[in-house]
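What follows is a single structure, written as structure tokens, with notes after it.
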Amino acid sequence: MAGLSRRRFLHTAGGAALLGGVAGVLPACASAGEDTSVDLATAAIDSDRRYLDPLGAHQVGVVATHQAEGLLAAFTVHARDRDELRDTFQALTEEIRRLMSGTPYEERDPDFPPLHTGTVGNPVPPSDLSVVVSVGASLFDERYGLADRRPAELEPMPFLANDRLDPDRTHGDLLLNIASADQEVTLFALRQLMRVTRGNLGLHWMLEGYNRRTEAAPGEAGVRNLMGFVDGTANLDPSDDALMDRQVWVADGDGEPAWSVGGTYQVVRVIRMFVEFWDRTRLGEQEALIGRRKSNGAPLDGEVETDVPDYAADPDGELTPLDAHIRLANPRTAETEDQRILRKGFSYSRGFDGDGQLDQGLAFVSYQRSLERQFLPVQARLAGEPLEEYLLPEGGGF
């Protein structure tokens, strides 16, 4: 076999920076030995929740939908050498397969610690659980001899417009993006994954969040952010394989290492929202800053959320200001069509800060085929937008 496949790279070198996912869905089922005394295990078995297939050409969590709970956990790798690094990735792979497929844990002799925490029953109930594993540029340093396999565009996330990055909440050797329909399942998965990698992975930063989902018609987002606006309208359709191939998955000929073909670049931006300040802003100004109506998500020149704004008919920004967020992010021109990205973020709340201000915001997560051709040009257009007055990016990473 010419070159090095992505799957073989994970097993032999122990690292991956471009990882993605699309795969089939397995039907929900209860297994023999399931602890039906746990309410969650019973409540989760319904027609809307499934075990997601952990195997496939990509990581299924990139394109999975209907997951209301999310968690990001960034780690520093402490493996002493490449062999330990390989063992760490193999342990992650095996545990992810068990968690996502609902494979029961062995119930051990009481003289030994149990193999699972017991918080959600045994096995894990069907809950659309997915785990996306990605790594940062720092894993390709001198520790493990992987410098020649570093993806071409992978670098530490730079300071971008309006950033005040906290080193304790930024970057990481490895990131787990865990999502499911239930908070208990998401936290259970994190504890199990940390359990099997103890000694080789140490937490660097972590953020837990959620999306309040509603029934969404085709083209609608079904999610509102903490500013109260519908968030995600006109996002890429993850069920459109041709679109995902064009915008999300790295392909042959992209100038990337052979092992990374079929993966994707992941961006995480932890963006604090000054919600008290926002709540004191006039509705008309809020809508002008975003470019949509707060009530139903319609563009300012439309009636319903799925209406496509006609910027060509509004060249001076009389209806939708030229510096409105949606107009800058997606100008809807032929030149910017291939800069679209797949967004998979969630809201978060971390209590309050030392000044008594609520610490809330958006964990922006996106997947794209190229950082240089997609994410960074979009970010450059947003630099200096009026909405920045209400936002402060504090962490995350590529």
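Each chain of the structure tokens is named A, B, ... in the order shown, its residues numbered from 1; ligands are numbered from 1 in display order.
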Can you list every residue in stretch 147-375 of chain A that DSSP puts in helix (DSSP H, G or I), as an MDAnalysis selection string? chainID A and resid 147:149 167:169 183:196 241:247 258:260 275:279 283:290 311:313 325:329 337:339 371:375
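Using only C-alpha atoms, the protein and nucleic acid residues lying no more than 10 Å from A:Leu362, apart from those fewer than 6 places from it along its own chain, are Gly209, Tyr210, Asn225, Leu226, Met227, Arg269, Val270, Ile271, Arg272, Met273, Gly345, Phe346, Ser347, Tyr348, Ser349, Leu391 and Pro393 of chain A.
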What's the 10 Å shell around A:Ala251, counting only C-alpha atoms, without same-chain residues fewer than 6 positions away, as a list in words? Asp245, Ala258, Ser260, Val261, Gly262, Gly263, Thr264 and Arg369 of chain A
Suppose we keep C-alpha atoms; can you now write the selection as a compact mmCIF listing (two decimals), in the first residue's frame?
```
# COMPACT_ATOMS: atom_id res chain seq x y z
CA ASP A 245 -16.59 16.33 0.44
CA ALA A 258 -1.56 10.95 3.02
CA SER A 260 -4.92 12.81 6.91
CA VAL A 261 -7.01 12.42 3.74
CA GLY A 262 -10.65 12.03 4.79
CA GLY A 263 -10.14 14.09 7.95
CA THR A 264 -10.96 17.71 8.67
CA ARG A 369 -11.36 21.32 4.71
```
Where in stretch 77-188 of chain A does DSSP assign strand (DSSP E), given as number ranges by chain? A: 77, 130-135, 174-180
Would you output that residue set with C-alpha atoms, as a CSV table (one decimal), in the first residue's frame?
```
chain,number,residue,atom,x,y,z
A,77,VAL,CA,0.0,14.3,26.5
A,130,SER,CA,-20.3,10.7,19.8
A,131,VAL,CA,-16.7,11.4,20.5
A,132,VAL,CA,-14.5,13.3,18.1
A,133,VAL,CA,-10.8,13.0,18.7
A,134,SER,CA,-8.5,15.7,17.4
A,135,VAL,CA,-5.0,16.9,18.1
A,174,LEU,CA,-5.4,16.4,22.2
A,175,LEU,CA,-9.0,17.4,22.3
A,176,LEU,CA,-12.1,15.2,23.0
A,177,ASN,CA,-15.3,16.7,21.7
A,178,ILE,CA,-18.1,14.6,23.4
A,179,ALA,CA,-21.7,15.1,22.6
A,180,SER,CA,-25.0,13.3,23.3
```
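Straight-line separation from atom CA of A:Arg86 to atom CA of A:Arg150: 16.2 Å.
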Considering only C-alpha atoms, state which residue in the set A:Asp240, A:Asp128, A:Glu69, A:Glu94 is at the smallest distance from A:Leu52. A:Asp128
